[in-house]
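Read the structure below first, then the notes.
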Amino acid sequence: MTNLGKKALIKSQSSKRVAWVSALAKPAVGIAASLIMLPVIFGSTPVMAQKAESTPLNYGQLIKKVKAGEVERVELDEAEQLAKVYLKGQKENTPPQQVRLLAQNAELINILKERNVDFGEVSSANSRAAVGLLINLMWILPLVALMLLFLRRSTNASSQAMNFGKSKARFQMEAKTGVKFEDVAGVEEAKEDLEEVVTFLKQPERFTAVGARIPKGVLLIGPPGTGKTLLAKAIAGEAAVPFFSISGSEFVEMFVGVGASRVRDLFKKAKENAPCLIFIDEIDAVGRQRGTGIGGGNDEREQTLNQLLTEMDGFEGNTGIIIIAATNRPDVLDTALLRPGRFDRQVMVDAPDLKGRLEILKVHARNKKIDPSVSLEAIARRTPGFTGADLANLLNEAAILTARRRKEAVTILEIDAAVDRVVAGMEGTALVDSKSKRLIAYHEVGHALVGTLLKDHDPVQKVTLIPRGQALGLTWFTPNEEQGLISRSQLKARITATLGGRAAEEIVFGKPEVTTGASNDLQHVTGMARQMVTRFGMSELGPLSLENQSGGEVFLGRDWMNKSDYSEEIAAKIDSQVREIVNNSYIKSKELLEENRVVLERLVDLLVEQETIEGDLFRTIVADNAQVADEQLAVPH
Ligand code: ADP
Ligand code: ZN
Ligand code: MG
């Protein structure tokens, strides 16, 4: 797992830059679970009880009676394990005596033969079959019932289709959200912009008196979890107006026309409750550029969007309704939505910076018992790239852990554990000493050592063999400072260190022994190298942008149109450049590890023994041991 995704490479708001991690991941082996249904066998077949007149015989007595010559005739029913015994001198119409047989009745049969008793076999196979049929029927009945149920459901659904939209309003209304601006932190600029909206709702006459037209719509743009929904609620809370909310995906339904009627309904209700605020989450689900759907487009979506545009044009600016929409893909929105008079205001809600994270942590620490020794600032430093939702989740995880450990207050130990967990997943138990544990150790130390030896690389925070999530071992790096921009040398250093895992495997165990564990690393490396060539103009192809930001996502509307705007020839050149970057970095990585083989071995021994090495100790060992340490630590790349 590496949080050094594509997005981390641009000056991006949305990537977790820290805690980017290199990991030896388990190969994804899917085990197809097959579902086998075993019918339960109901009891044994019922015995048709027939009452014998005299005291019933048992097996032993039957044999005695046969030996004594008292028995006229015996009918054996192997299937039922019953013998019908006709005694000598018995009246014509008295029913035979029934005797339960054993599993094997060879003895009885021998005696019967010996004594010349008439015996025959009857089989109740017919009744068996009937019972079998009955059991099968018992299975079929519930199935039929189930089918009937489904049938009824679907008829219900089609009758619903007649009055959808009206009764099944999917929007929610909150009379009071109870959220205030002070609950939203770390997005000061957005808050300033939106304070104005509160005034529009509270005192519209202040604006209309001077002839100003009050804007109808505000578009909140930002990655998930940055507090867009929270901000919209805070506006409604501050202005003390009702809050109507619906998600864009809820407009788009199975039935054509539902979306449009929902829009109509929503606006009708809102007008009745004005002044109020309408919040449309994920507006890109309906508001995507029209007419670009592949394979016929989506009529339903277009109708919904048209209805939305009509409604927005339909009311005057001073009716006291303000629409706030949220998206993280403003680039795919239909231009008609962004026109003045619609969502003409756009507010960016970015992932918070250091100060912002500290403020958000303060907000969420308010209702938690945190040990006074915990420095929220230190946490904020450890979590670049975390959004408000991540931070809220982080403190919550730490609180849960504290409760589980039966402590009074959250300490830094729980918070550290929670950060690791939020970033890399659940902790597993370390392997026992084995060849694969050593291999994982070489792999991880390979990352960490190459990262440490390269001047442009972020420092190692820790290396560990304790598995987490999909990863069997992890190397954590922390960037020194918040960096929005990443240089070419930094990128190359990252590629080289990410290849360090595979390089170490190959050096130590030889080419035939390298494992699938590096697959994740290789994916990241290829991604980074490709972006260097096609997006950042960092190769011999020159400063060209050869791919558009969201390349590869065919279904995202507009993007499809201007994809692949280069020739085959350039495509081949791109490939060869990518390969050159990766291959050179791999060679570099192997060189560094071979030169420092002694340190590599020492660190691996220590790691296998201790399972975790902290960054400071790691660096001390490298500095003490590398013969060429001084130059090496300053290797320009
Ligand atoms: P979005 O709508 O942008 O995806 P949300 O507003 O739903 O994000 O945020 C989810 C949760 O994360 C909020 O309920 C809140 O607890 C927390 N959160 C997100 N951003 C912030 C913030 N800026 N300040 C305080 N809490 C936040
Ligand atoms: Zn790795
Ligand atoms: Mg949201």
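By order of appearance in the structure tokens: chains A, B, ..., then residues from 1 within every chain, and ligands from 1 in the order shown.
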
Exercise. Show me which residues sit within 9 Å of ligand 1 when counting only C-alpha atoms and all ligand atoms, and put them as a VMD selection string.
Key: chain A and resid 182 to 188 220 to 233 281 to 282 326 to 328 349 to 352 356 to 357 359 to 364 387 to 393

Find the residues near stretch 86-100 of chain A: any atom within 8 Å, counting only C-alpha atoms, skip ones fewer than 3 places away on the same chain, and give them as a PDB file with C-alpha atoms, in the first residue's frame.
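around35.pdb, written as the output of this step:
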```pdb
ATOM      1  CA  ALA A  52     -50.344 -56.607  16.657  1.00  0.00           C
ATOM      2  CA  GLU A  53     -52.919 -58.519  18.605  1.00  0.00           C
ATOM      3  CA  SER A  54     -50.740 -60.483  20.937  1.00  0.00           C
ATOM      4  CA  PRO A  56     -45.150 -58.279  19.937  1.00  0.00           C
ATOM      5  CA  LEU A  57     -42.316 -60.620  19.150  1.00  0.00           C
ATOM      6  CA  ASN A  58     -38.686 -59.613  19.098  1.00  0.00           C
ATOM      7  CA  TYR A  59     -35.951 -60.943  16.897  1.00  0.00           C
ATOM      8  CA  LEU A  62     -38.870 -65.052  16.339  1.00  0.00           C
ATOM      9  CA  GLU A  70     -44.374 -72.598  15.208  1.00  0.00           C
ATOM     10  CA  VAL A  71     -44.003 -70.305  12.255  1.00  0.00           C
ATOM     11  CA  GLU A  72     -46.011 -70.779   9.056  1.00  0.00           C
ATOM     12  CA  ARG A  73     -44.746 -68.013   6.856  1.00  0.00           C
ATOM     13  CA  VAL A  74     -42.562 -64.886   7.090  1.00  0.00           C
ATOM     14  CA  GLN A  81     -36.579 -53.671   8.350  1.00  0.00           C
ATOM     15  CA  LEU A  82     -39.712 -55.453   9.360  1.00  0.00           C
ATOM     16  CA  ALA A  83     -40.763 -59.059   9.235  1.00  0.00           C
TER      17      ALA A  83
END
```

Practice problem: Could you give me, as a ChimeraX atom specification, each residue of stretch 99-274 of chain A that DSSP assigns to strand (DSSP E) when run on this structure's backbone? | Solution: /A:99-100,118-121,172-174,217-221,243-247

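Distances here use only C-alpha atoms; by that measure, the residue among A:Asn110, A:Thr452, A:Ser249, A:Thr464 closest to A:Leu607 is A:Thr464.
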
Which residues come within 12 Å of A:Ser375, counting only C-alpha atoms, excluding same-chain residues fewer than 2 positions away, as a PDB file with C-alpha atoms, in the first residue's frame?
```pdb
ATOM      1  CA  LEU A 358      -4.940  21.796  14.230  1.00  0.00           C
ATOM      2  CA  LEU A 361      -8.534  18.567  15.781  1.00  0.00           C
ATOM      3  CA  LYS A 362      -9.500  21.137  18.400  1.00  0.00           C
ATOM      4  CA  ALA A 365     -11.277  17.069  20.728  1.00  0.00           C
ATOM      5  CA  ILE A 370      -7.715  13.755  25.882  1.00  0.00           C
ATOM      6  CA  ASP A 371      -4.728  13.449  28.161  1.00  0.00           C
ATOM      7  CA  PRO A 372      -3.139  16.870  28.754  1.00  0.00           C
ATOM      8  CA  SER A 373       0.212  15.471  27.632  1.00  0.00           C
ATOM      9  CA  GLU A 377      -0.096  20.163  17.097  1.00  0.00           C
ATOM     10  CA  ALA A 378       2.130  17.105  16.910  1.00  0.00           C
ATOM     11  CA  ILE A 379      -0.802  15.132  15.538  1.00  0.00           C
ATOM     12  CA  ALA A 380      -1.507  17.818  12.987  1.00  0.00           C
ATOM     13  CA  ARG A 381       2.134  17.575  11.910  1.00  0.00           C
ATOM     14  CA  ARG A 382       1.915  13.839  11.478  1.00  0.00           C
ATOM     15  CA  VAL A 410      -6.690   9.278  25.160  1.00  0.00           C
ATOM     16  CA  THR A 411      -2.882   9.280  25.143  1.00  0.00           C
ATOM     17  CA  ILE A 412      -0.395   9.673  22.343  1.00  0.00           C
ATOM     18  CA  LEU A 413      -0.039   5.885  22.138  1.00  0.00           C
ATOM     19  CA  ILE A 415      -3.391   8.327  18.627  1.00  0.00           C
ATOM     20  CA  ASP A 416      -0.279   6.881  16.988  1.00  0.00           C
TER      21      ASP A 416
END
```

Self-check item: Among listed residues A:Gly446, A:Gly320, A:Pro340, A:Pro242, nearest ligand 2 (using only C-alpha atoms and all ligand atoms)
Solution: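 Using only C-alpha atoms and all ligand atoms, the shortest distance to ligand 2 belongs to A:Gly446.
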